[in-house]
Each structure stands twice: as structure tokens, then as C-alpha cells.
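Colleague: Contents are compact mmCIF, C-alpha atoms; file name my_file36.txt:
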```
# COMPACT_ATOMS: atom_id res chain seq x y z
CA MET A 13 -20.34 -1.08 -0.59
CA THR A 14 -18.20 -3.71 1.13
CA ARG A 15 -14.40 -3.61 1.35
CA ARG A 16 -12.63 -6.94 1.81
CA VAL A 17 -9.04 -7.60 2.86
CA ARG A 18 -6.66 -10.49 3.42
CA PHE A 19 -4.50 -10.61 6.52
CA ARG A 20 -2.16 -12.84 8.47
CA GLY A 21 -2.79 -13.38 12.17
CA PRO A 22 -2.00 -15.88 14.92
CA ASP A 23 -4.23 -18.45 13.21
CA GLY A 24 -2.77 -18.01 9.72
CA VAL A 25 -4.03 -16.23 6.61
CA ALA A 26 -7.68 -15.18 6.53
CA GLU A 27 -10.06 -12.94 4.59
CA ALA A 28 -12.72 -10.62 6.00
CA ALA A 29 -14.79 -7.52 5.39
CA VAL A 30 -13.09 -4.51 6.97
CA GLU A 31 -15.84 -4.11 9.53
CA GLU A 32 -15.44 -7.77 10.54
CA LEU A 33 -11.69 -7.68 11.22
CA PRO A 34 -10.65 -9.16 14.57
CA VAL A 35 -8.71 -5.95 15.39
CA GLU A 36 -9.22 -2.27 14.64
CA PRO A 37 -6.97 -0.95 11.83
CA LEU A 38 -4.39 1.60 12.95
CA ASP A 39 -5.51 3.81 10.06
CA PRO A 40 -8.96 3.71 8.42
CA GLU A 41 -7.52 4.37 4.93
CA THR A 42 -4.25 2.38 4.76
CA LEU A 43 -5.91 -0.33 6.91
CA GLU A 44 -2.56 -1.07 8.55
CA LEU A 45 -3.10 -3.60 11.32
CA PRO A 46 -1.50 -3.78 14.77
CA ALA A 47 0.97 -6.58 15.52
CA PRO A 48 0.83 -9.52 15.40
CA TYR A 49 -1.59 -9.01 12.50
CA GLU A 50 -0.32 -8.12 9.02
CA LEU A 51 -2.27 -6.75 6.06
CA LEU A 52 -1.61 -8.74 2.86
CA LEU A 53 -2.38 -8.39 -0.83
CA PRO A 54 -6.19 -8.17 -1.02
CA VAL A 55 -6.10 -10.83 -3.75
CA GLU A 56 -3.36 -13.10 -5.08
CA PRO A 57 -3.98 -12.75 -8.82
CA PRO A 58 -2.73 -15.56 -11.04
CA GLU A 59 -2.14 -12.86 -13.66
CA VAL A 60 -1.97 -9.07 -13.68
CA TRP A 61 -2.77 -7.36 -16.98
CA CYS A 62 -2.48 -3.67 -17.84
CA ALA A 63 -4.16 -1.38 -20.33
CA GLY A 64 -2.18 1.61 -21.54
CA VAL A 65 -2.88 5.02 -23.07
CA THR A 66 -6.46 5.07 -21.76
CA TYR A 67 -6.26 8.73 -20.64
CA GLU A 68 -5.27 11.73 -22.75
CA ARG A 69 -2.62 12.67 -20.14
CA SER A 70 -0.99 9.25 -20.52
CA ARG A 71 -0.96 9.58 -24.30
CA ASP A 72 0.68 13.01 -24.11
CA ALA A 73 3.32 11.88 -21.63
CA ARG A 74 4.31 8.86 -23.66
CA ILE A 75 4.51 10.93 -26.85
CA GLU A 76 6.84 13.34 -25.04
CA GLU A 77 9.15 10.56 -23.77
CA SER A 78 9.28 8.49 -26.95
CA THR A 79 11.54 8.61 -29.98
CA VAL A 80 8.69 6.92 -31.91
CA LYS A 81 5.78 9.26 -31.22
CA ASP A 82 3.01 8.21 -33.62
CA VAL A 83 2.33 4.82 -31.98
CA TYR A 84 0.78 6.43 -28.89
CA SER A 85 -1.49 8.80 -30.82
CA LEU A 86 -2.65 5.90 -32.98
CA VAL A 87 -3.43 3.52 -30.12
CA TYR A 88 -5.30 6.21 -28.15
CA ASP A 89 -7.77 6.66 -31.02
CA ALA A 90 -7.78 3.06 -32.31
CA ASP A 91 -10.50 0.50 -31.73
CA ARG A 92 -7.97 -1.95 -30.27
CA PRO A 93 -6.36 -0.77 -26.99
CA GLU A 94 -2.86 -1.43 -25.72
CA VAL A 95 -2.88 -4.37 -23.30
CA PHE A 96 0.08 -6.24 -21.86
CA LEU A 97 0.88 -8.81 -19.21
CA LYS A 98 2.37 -7.20 -16.10
CA ASP A 99 2.87 -10.24 -13.86
CA ALA A 100 2.05 -13.90 -13.28
CA ALA A 101 1.98 -15.84 -10.01
CA CYS A 102 2.64 -12.60 -8.05
CA ARG A 103 6.40 -12.79 -8.66
CA ARG A 104 6.62 -9.02 -9.19
CA THR A 105 3.54 -7.86 -7.26
CA VAL A 106 3.63 -6.55 -3.69
CA GLY A 107 0.99 -5.60 -1.17
CA PRO A 108 0.40 -2.64 1.15
CA GLY A 109 3.47 -1.41 2.97
CA GLN A 110 5.88 -3.52 0.93
CA PRO A 111 8.64 -1.93 -1.19
CA ILE A 112 8.10 -1.24 -4.87
CA GLY A 113 11.21 -1.27 -7.07
CA VAL A 114 13.07 0.87 -9.58
CA ARG A 115 15.42 -0.65 -12.14
CA SER A 116 19.18 -0.24 -11.84
CA ASP A 117 19.50 0.38 -15.60
CA SER A 118 16.89 3.15 -15.79
CA SER A 119 17.39 6.87 -15.19
CA TRP A 120 13.72 7.92 -15.32
CA ASP A 121 11.05 6.01 -13.38
CA VAL A 122 7.49 6.78 -12.32
CA PRO A 123 4.62 5.32 -10.33
CA GLU A 124 1.37 4.95 -12.28
CA PRO A 125 -1.73 5.00 -10.04
CA GLU A 126 -4.60 3.02 -11.53
CA ILE A 127 -7.89 1.31 -10.75
CA GLY A 128 -7.54 -2.46 -10.80
CA LEU A 129 -10.45 -4.64 -11.86
CA VAL A 130 -10.65 -7.99 -10.08
CA LEU A 131 -12.05 -10.43 -12.62
CA GLY A 132 -14.39 -13.23 -11.62
CA ALA A 133 -15.78 -16.19 -13.54
CA GLY A 134 -16.48 -15.39 -17.18
CA GLY A 135 -14.66 -12.09 -16.91
CA ALA A 136 -17.28 -10.44 -14.71
CA ILE A 137 -15.93 -7.51 -12.67
CA ALA A 138 -16.02 -8.86 -9.12
CA GLY A 139 -14.38 -5.89 -7.44
CA TYR A 140 -12.08 -2.89 -7.59
CA THR A 141 -8.70 -2.26 -6.00
CA ILE A 142 -5.85 0.25 -6.28
CA GLY A 143 -2.87 -0.59 -8.44
CA ASN A 144 0.54 0.96 -9.02
CA ASP A 145 2.04 0.08 -12.41
CA VAL A 146 5.63 1.16 -11.69
CA SER A 147 7.37 1.92 -14.99
CA SER A 148 10.63 3.04 -16.57
CA ARG A 149 9.90 5.95 -18.87
CA ALA A 150 13.56 6.02 -19.93
CA ILE A 151 13.53 2.46 -21.25
CA GLU A 152 10.14 2.62 -22.97
CA GLY A 153 10.95 6.05 -24.39
CA GLU A 154 14.10 4.74 -26.01
CA ASN A 155 12.15 2.20 -28.06
CA PRO A 156 8.52 1.00 -27.68
CA LEU A 157 9.72 -2.58 -28.24
CA TYR A 158 11.45 -2.31 -24.87
CA LEU A 159 8.03 -2.15 -23.16
CA PRO A 160 8.40 -5.52 -21.35
CA GLN A 161 11.70 -4.35 -19.81
CA ALA A 162 10.14 -1.01 -18.85
CA LYS A 163 7.23 -2.76 -17.12
CA LEU A 164 8.50 -6.08 -15.70
CA PHE A 165 10.96 -6.23 -12.81
CA ALA A 166 10.95 -7.01 -9.10
CA GLY A 167 8.46 -4.83 -7.23
CA ALA A 168 7.00 -3.42 -10.45
CA CYS A 169 3.40 -3.74 -9.28
CA ALA A 170 1.55 -3.00 -6.04
CA LEU A 171 -2.08 -3.76 -5.17
CA GLY A 172 -4.24 -2.91 -2.17
CA PRO A 173 -5.18 -2.20 0.47
CA ALA A 174 -8.65 -3.69 -0.07
CA VAL A 175 -11.06 -4.90 -2.73
CA LEU A 176 -14.26 -2.91 -3.06
CA VAL A 177 -16.85 -5.54 -3.93
CA ALA A 178 -18.67 -4.73 -7.18
CA ASP A 179 -22.35 -3.93 -6.80
CA GLY A 180 -24.07 -2.90 -10.01
CA VAL A 181 -22.87 -0.01 -12.17
CA ALA A 182 -19.16 0.80 -11.88
CA PRO A 183 -18.51 3.91 -9.76
CA VAL A 184 -16.53 6.90 -10.98
CA PHE A 185 -13.31 6.86 -8.97
CA LEU A 186 -11.23 9.83 -7.86
CA ILE A 187 -7.53 8.86 -7.82
CA GLN A 188 -5.10 10.91 -5.73
CA MET A 189 -1.35 10.36 -5.49
CA ARG A 190 1.23 11.82 -3.14
CA ILE A 191 4.98 11.12 -3.17
CA VAL A 192 7.21 12.09 -0.26
CA GLY A 193 10.98 12.06 -0.07
CA ALA A 194 13.21 10.31 2.43
CA ASP A 195 13.16 13.53 4.49
CA GLY A 196 9.34 13.50 4.63
CA ALA A 197 8.94 16.46 2.28
CA GLU A 198 6.28 16.20 -0.42
CA VAL A 199 7.86 15.98 -3.89
CA PHE A 200 4.69 15.45 -5.95
CA ALA A 201 0.92 15.48 -5.49
CA GLY A 202 -1.90 15.28 -8.00
CA GLU A 203 -5.24 13.74 -8.81
CA THR A 204 -7.29 12.39 -11.69
CA SER A 205 -10.62 10.65 -12.23
CA THR A 206 -11.84 7.63 -14.15
CA ALA A 207 -14.44 9.99 -15.65
CA TRP A 208 -11.64 11.11 -17.98
CA MET A 209 -10.92 7.66 -19.37
CA GLN A 210 -11.09 7.16 -23.13
CA ARG A 211 -12.42 3.59 -22.72
CA SER A 212 -14.86 1.88 -20.36
CA PHE A 213 -13.96 -0.85 -17.88
CA ASP A 214 -16.14 -3.35 -19.72
CA GLU A 215 -14.46 -2.54 -23.05
CA LEU A 216 -11.01 -3.17 -21.58
CA VAL A 217 -12.12 -6.46 -20.03
CA ASP A 218 -13.56 -7.58 -23.37
CA TRP A 219 -10.29 -6.88 -25.17
CA VAL A 220 -7.99 -8.52 -22.62
CA ARG A 221 -10.11 -11.70 -22.62
CA ARG A 222 -10.56 -11.90 -26.39
CA ASP A 223 -9.19 -15.31 -27.46
CA ASN A 224 -7.09 -15.16 -24.28
CA PRO A 225 -7.60 -17.60 -21.35
CA VAL A 226 -7.33 -15.10 -18.48
CA PRO A 227 -8.01 -17.05 -15.25
CA ALA A 228 -10.58 -15.93 -12.70
CA GLY A 229 -9.03 -13.92 -9.90
CA SER A 230 -6.75 -12.01 -12.26
CA VAL A 231 -6.47 -8.22 -12.04
CA LEU A 232 -6.66 -5.78 -14.95
CA LEU A 233 -5.10 -2.37 -14.32
CA THR A 234 -6.95 0.21 -16.38
CA GLY A 235 -4.34 2.85 -17.17
CA THR A 236 -3.19 6.07 -15.56
CA GLY A 237 -4.24 9.67 -15.99
CA LEU A 238 -1.74 11.01 -13.48
CA VAL A 239 1.86 11.49 -14.59
CA PRO A 240 4.54 13.41 -12.64
CA PRO A 241 6.46 16.13 -14.53
CA ASP A 242 9.41 15.20 -16.72
CA ASP A 243 11.96 16.43 -14.16
CA PHE A 244 10.73 13.89 -11.60
CA THR A 245 12.07 10.37 -11.18
CA LEU A 246 11.16 7.79 -8.57
CA GLU A 247 14.06 7.07 -6.21
CA PRO A 248 14.81 4.64 -3.38
CA GLY A 249 13.88 6.16 -0.03
CA GLN A 250 10.75 7.86 -1.35
CA HIS A 251 7.23 6.78 -0.40
CA VAL A 252 4.21 6.58 -2.73
CA GLU A 253 0.65 6.99 -1.42
CA ILE A 254 -2.31 6.39 -3.74
CA HIS A 255 -5.71 7.24 -2.29
CA VAL A 256 -9.07 6.31 -3.80
CA PRO A 257 -12.13 7.23 -1.72
CA GLY A 258 -14.17 4.12 -1.04
CA ILE A 259 -11.18 1.77 -1.40
CA GLY A 260 -8.51 3.29 0.83
CA THR A 261 -4.85 4.28 0.53
CA LEU A 262 -2.16 2.09 -1.00
CA SER A 263 1.13 3.07 0.61
CA ASN A 264 4.53 1.71 -0.45
CA PRO A 265 8.16 2.67 0.18
CA VAL A 266 10.49 2.72 -2.83
CA GLY A 267 13.54 0.46 -3.04
CA ARG A 268 15.91 -0.93 -5.64
CA ALA A 269 14.43 -3.72 -7.75
CA ALA A 270 17.70 -5.66 -7.51
CA ASP A 271 17.38 -5.69 -3.72
CA LEU A 272 13.87 -7.16 -3.97
CA MET A 273 14.96 -10.27 -5.85
CA THR A 274 14.29 -13.35 -3.70
CA GLU A 275 14.75 -17.07 -4.20
CA GLU A 276 10.99 -17.51 -3.80
CA SER A 277 10.20 -15.02 -6.60
CA MET A 278 12.51 -16.90 -9.00
CA ARG A 279 11.08 -20.38 -8.45
```
Show me the file's structure as C-alpha cells.
Modeller:
Amino acid sequence: MTRRVRFRGPDGVAEAAVEELPVEPLDPETLELPAPYELLLPVEPPEVWCAGVTYERSRDARIEESTVKDVYSLVYDADRPEVFLKDAACRRTVGPGQPIGVRSDSSWDVPEPEIGLVLGAGGAIAGYTIGNDVSSRAIEGENPLYLPQAKLFAGACALGPAVLVADGVAPVFLIQMRIVGADGAEVFAGETSTAWMQRSFDELVDWVRRDNPVPAGSVLLTGTGLVPPDDFTLEPGQHVEIHVPGIGTLSNPVGRAADLMTEESMR
């Protein structure tokens, strides 16, 4: 299957299959490029949507964090899934190697490694990428109605490094995550698989597009089954690596969301 990337070079921004890049990547998984080339977001989605509580592990974690526990058990078993808008116009979405953010008013934050579905015309799944739905468990746990504040802030979403072009039946994806501290020491590692999802990709696409004009090129993140323990919180200076065989490794340093605010993102 073909992996496609976007990059900036001496002649501007371009798109290519990995094997057709004008230079050899420095790493075959992160696809980092040598200067003066720069790896960019593999797509610039007009919208990023997320599905939640699609794995049993996610349901259990959100029950544990929440003061209103029944809502997560109910949505896990319900016909209608949880879906929410994560970003529009890429104001909060970063690419490979760029900093993801943590909120200044949150004491408990986590990365959420997920498979992202790149939606084509009519909602067809055109490809797959890696997504990181960075979240505040403290804010959402205080009250589920705070979900938008727990999910939307500068650097709250990362995508990359490539799009695996869809070709027939959706693969089963292994998702591995590793977090290292500022000193280089590993502080968390784990893995999950889309085989453990409660809902199918097609089901989630159907729900997010139901009576909803989601534009082609948008990305739907499909939920996480990998949650660090309760005594872990994401902190500036750490580094998050999400590896999915067949797609690559999405690698991002962690910074403060307030420091990632730019004039361009607020236009």
C-alpha cells in the first residue's frame, strides 16, 4: 500500500509518495527530511472530528476520572456514538515534529493515540493516518459538559507523518505509544489494536456525516484504546511517539498551549 506525504522544499510545498521523494528520509518511520526540506501535515483537513469511548479501555478510564460516571457506560453500549468537533481550518492541529500543547488550567493531561480516517468525496475512506487527540482528563472529569474545553486548545491535535492510501478492506492496525521525559528516560510505553474497537470505521463515518455537511478532506479520529495510568500527566519537555506499522511514527515534543498561540491561528 502507498504512503503519501506533504513537504516543503526549495520549490515550495509539494505532495509525493514516500518512494518518490526527492531526498531520502533521515528515518524510515518518522520520515523526517534533511534540510532544506521539511515534512508537513500529510493533509490539511478543513475539519477534524473525533469519536470517543470506542474501546473498553477508554470507557473504563473515563468512568474512573469522571464525577458523572454513567454517561460513559451508556454511550459505549448505545447505538449512537460520541462524536465531537476537534478542530477547523487547522488552527489547533500540528504536524510531525511540531509541539503539541497542554493547558495551563489543567493538572492532568494525556495524549490519545488514534487512527485517523481521511474522508474523500461522499464520505469514502480515502486513507489512514496517525492522530493524537491531546486531552485534559482533569477538566473533562470535573464535568462532562466541559468536554470542549478539555479537547480544544492550541496544539491539541497532531497528525502524520503520512497517509496510507486506502485500498479495499480496512486493515487492522497495531498502535504503539512511547513517551520520554526531558532527560530521555521512558516514562510510559504501551500498545493497542483496532481489533479491539467496539465500532467499525464505516459505522463511525456514517454517524459523523449524518445530517452533517462534513467537507471532503476532513479527518475523523476513531478513539483510543491506550490510556496511561492515573498517576501520569503529560508535561512540557516530554516527547510523544506514536508508531503504527504501515503508516510510520508520529513524533511530537510537548509544550505549553499558551506558548503555541500565534496571530495566524487566531485569524
Colleague: Nearest to Arg115 of chain A among A:Gly24, A:Gly143, A:Gly267, A:Pro37, with distances taken over all atoms listed in the file: which residue is it?
Modeller: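 Counting all atoms listed in the file, the residue closest to Arg115 of chain A is A:Gly267.
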Colleague: With distances taken over all atoms listed in the file, which residue among A:Gly235, A:Pro225, A:Pro173, A:Pro183 lies nearest Pro108 of chain A?
Modeller: A:Pro173
Colleague: Distance atom CA of Gly260 of chain A-atom CA of Val175 of chain A, one decimal place?
Modeller: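 Between atom CA of Gly260 of chain A and atom CA of Val175 of chain A the gap works out to 9.3 Å.
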Colleague: Which residues are near Val95 of chain A? Cut-off 9 Å, all atoms listed in the file, ignore same chain within fewer than 6 positions. Put them as a ChimeraX atom specification.
Modeller: /A:61-64,216,219-220
Colleague: Choose the residue, out of A:Thr245, A:Thr105, A:Ser212, A:Ser85, that has the smallest atom-to-atom separation from Ser148 of chain A; count only C-alpha atoms.
Modeller: A:Thr245
Colleague: Name all residues at most 12 Å from Thr14 of chain A (count only C-alpha atoms; drop same-chain ones fewer than 2 positions away) and give them as a list in words.
Modeller: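 Answer for this query is Arg16, Val17, Ala28, Ala29, Val30, Glu31, Glu32, Ala138, Gly139, Tyr140, Thr141, Ala174, Val175, Leu176, Val177, Ala178, Asp179, Gly258, Ile259 and Gly260 of chain A.
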Colleague: Emit the selected residues as a PDB file, in the frame of the given file, including C-alpha atoms.
Modeller:
```
ATOM      1  CA  ARG A  16     -12.630  -6.940   1.810  1.00  0.00           C
ATOM      2  CA  VAL A  17      -9.040  -7.600   2.860  1.00  0.00           C
ATOM      3  CA  ALA A  28     -12.720 -10.620   6.000  1.00  0.00           C
ATOM      4  CA  ALA A  29     -14.790  -7.520   5.390  1.00  0.00           C
ATOM      5  CA  VAL A  30     -13.090  -4.510   6.970  1.00  0.00           C
ATOM      6  CA  GLU A  31     -15.840  -4.110   9.530  1.00  0.00           C
ATOM      7  CA  GLU A  32     -15.440  -7.770  10.540  1.00  0.00           C
ATOM      8  CA  ALA A 138     -16.020  -8.860  -9.120  1.00  0.00           C
ATOM      9  CA  GLY A 139     -14.380  -5.890  -7.440  1.00  0.00           C
ATOM     10  CA  TYR A 140     -12.080  -2.890  -7.590  1.00  0.00           C
ATOM     11  CA  THR A 141      -8.700  -2.260  -6.000  1.00  0.00           C
ATOM     12  CA  ALA A 174      -8.650  -3.690  -0.070  1.00  0.00           C
ATOM     13  CA  VAL A 175     -11.060  -4.900  -2.730  1.00  0.00           C
ATOM     14  CA  LEU A 176     -14.260  -2.910  -3.060  1.00  0.00           C
ATOM     15  CA  VAL A 177     -16.850  -5.540  -3.930  1.00  0.00           C
ATOM     16  CA  ALA A 178     -18.670  -4.730  -7.180  1.00  0.00           C
ATOM     17  CA  ASP A 179     -22.350  -3.930  -6.800  1.00  0.00           C
ATOM     18  CA  GLY A 258     -14.170   4.120  -1.040  1.00  0.00           C
ATOM     19  CA  ILE A 259     -11.180   1.770  -1.400  1.00  0.00           C
ATOM     20  CA  GLY A 260      -8.510   3.290   0.830  1.00  0.00           C
TER      21      GLY A 260
END
```
